[in-house]
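Asker: Before anything else, here's the structure in question.
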Amino acid sequence: MSSLLHSLGVLVVRRRLRVLAVWLLLAVALFGLAGVTGGKLVDDFTIPGTESQRGIDTLAQRFPLASGTTGQIVFGSTSGPISTRRSEVEDRVEAVEKVKHVTSVDDPFASDAVGTISPDGRYALVQIQFDVSVTALPASTVPAVEKAAAAPPGAGFTSTLGGAMYTSTGQGISTTELIGVGVALLVLAVTFSSLIAAGLPLLTAALGVGATLAGVLTVAAVLIAVDDVRPLSVSSGGRVRTVTTIVLGFDTSRGERLLQRTALLEIAFTVVAGAVIVLLLPPTVDRGLGRVRAMADAARAVAAGDSDRRLPADPGMAETAVLADAVNDALDAQQAAEERLRRFVADASHELRTPLTTIQGWAELHREGGLDDPATAARAFERIAESATHLTNLVEDLALLARLDAGPLLERHPVDLGVLAETVVEDLRVIDPERPVGVTTPAPGEPTGVVSGDEQRLRQVLLNLTGNALQHTPPGTPIDVAVRREDGSVVLVVSDAGPGIPVEHQTRVFDRFYRGPAHRSTGGTGLGLAIVRSLVDAHGGTVGVTSSSAGTRFEVVLPAEPEVP
């Protein structure tokens with residue numbers, strides 16, 4: 001069987017245009033034949049001899065007014081009980097009763113009405129009875145009912161319609177069917193790794209269903225025919241009488257046998273199609289769906305909390321491999337971002353807690369009367385002010401880092417780092433007159449240290465680096481600032497002769513909130529060097545550190561602005 005199917009598949013591929021033409025001609029011929037013979041689909045039909053049909057016929061004979069479709073109207077009061085709007089609601093009910101094909105409309109306020117008013121008294125339910133089924137209901141009837149039931153503006157109540165009268169009877173393609181076809185196309189595309197291969201089964205199925213439907217319509221039109229009815233004259237006693245009423249009896253067994261044959265034909269087509277699918281798809285589908293199942297299992301594991309799990313990628317299936325790689329990259333990025341966020345939140349909480357605890361402690365002591373001594377009170381308010389200042393600096397640094405993470409906030413223009421370094425060093429000498437601070441910049445005639453950048457942000461880089469040296473070295477320790485141009489870049493160096501940074505801590509000095517053990521008692525927010533790295537990155541540069549027992553050296557390299565001849 002498999003060899004036969006393989007041979008058939010090879011034949012179809014070699015003569016694919018002819019096969020497609022045959023299918024199209026067959027579908028067109030069958031649909032044309034069905035149109036010529038008068039075959040058509042109907043929504044309103046009967047199935048004689050069945051229990052359900054006898055029930056419908058009995059209902060139509062004994063209760064003709066209740067044999068049609070139904071509808072409901074819910075009147076709701078915008079304020080107070082709906083009974084306060086009884087006259088307006090009854091006007092709407094009378095208006096609906098006048099619509100064509102409406103046989104009755106229940107009065108929700110009638111004395112014998114049960115369950116038509118909601119328990120809170122704000123809503124009233126009205127039942128509408130039509131004299132025709134929903135398939136025979138004219139298209140203009142429902143809009144007429146809606147217009148009659150509509151509450152005028154400012155009436156104090158609303159009207160909402162529903163029920164079987166809104167049941168769709170069209171034969172078009174529904175949204176659900178379109179979604180189903182789309183899902184089928186997606187599954188087939190993933191399975192076969194090709195949109196063309198995915199579309200072929202759907203095209204084949206559409207042609208097969210169309211040809212089968214056209215054939216059924218043609219058979220039905222040919223086999224179920226109604227003879228012409230002509231006037232009938234009957235001779236009786238030498239006189240010719242015209243028969244005005246004829247009672248005909250039909251044998252429904254023929255129609256029932258046709259229905260049985262049609263059902264068997266549909267079942268046979270379904271079985272054959274199912275058998276073909278079962279035989280053809282498993283070898284190909286198993287491999288594709290196996291990869292999809294493995295990817296789904298991995299995705300469920302990640303969703304369940306296994307953040308290290310990743311989707312398997314099969315190089316033999318290009319589309320699924322690309323999808324798996326893209327999802328894995330996204331998961332890696334998300335995991336890294338979540339880890340950074342966790343560390344940031346933990347560090348920020350710790351740093352914010354320290355000054356807040358100090359402020360709260362002194363405030364509690366003052367509230368309990370423990371600051372009666374003026375000197376102690378002055379010291380308390382001094383500590384509160386220091387903690388508030390530290391808290392303010394921390395919040396400002398956090399806000400700056402958040403803005404830098406969102407995107408560079410730079411106003412670029414040419415900035416001479418040499419001139420900027422001289423002004424910063426001049427300020428340092430005023431702040432700490434006892435500390436020797438040197439500065440080296442390009443001499444006249446040498447290439448300048450001009451870069452394209454934001455002067456305010458570059459000044460902050462210099463202030464943070466020199467401030468770090470001031471804070472973490474003993475008083476009187478020399479600090480040197482140097483600017484030079486080198487190979488298309490401008491190099492800024494801030495060095496000191498302090499005790500240095502241990503080797504195990506040098507790789508973390510630019511991390512947010514990181515402070516080495518020897519510097520945790522010197523104050524600061526732990527964000528200064530992190531801000532330096534973010535600002536240098538925003539300018540397209542690099543920053544690094546080297547340190548030993550003889551001192552520490554921070555080096556910033558920025559792209560140089562081209563020299564003007």
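Labels used: A, B, ... for chains in the order of the structure tokens, numbers from 1 for residues in each chain, and numbers from 1 for ligands as shown.
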Do a neighbour search on Gly162 (chain A) at 9 Å with only C-alpha atoms, toss out local chain neighbours closer than 6 positions, and write the hits as number ranges by chain.

Answerer: A: 71-74

Asker: As a list in words, please: the residues near Gly540 (chain A) (cut-off 8 Å, only C-alpha atoms, same-chain neighbours under 4 positions excluded).

Answerer: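 Contacts, with the query itself left out: Val536, Leu558 and Pro559 of chain A.
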
Asker: Between CA of Ser495 (chain A) and CA of His390 (chain A), what is the spacing in Å?

Answerer: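 Interatomic distance, CA of His390 (chain A) to CA of Ser495 (chain A): 25.9 Å.
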
Asker: Within 7 Å of region 489-494 of chain A, counting only C-alpha atoms, which residues show up once you throw out same-chain ones fewer than 3 positions away? Write them as a list in words, please.

Answerer: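 After dropping sequence-adjacent residues, the list is Gly449, Leu465, Thr466, Asp480, Val481, Ala482, Val483, Arg484, Arg485, Glu486, Arg553, Phe554, Glu555, Val556, Val557, Leu558, Pro559 and Ala560 of chain A.
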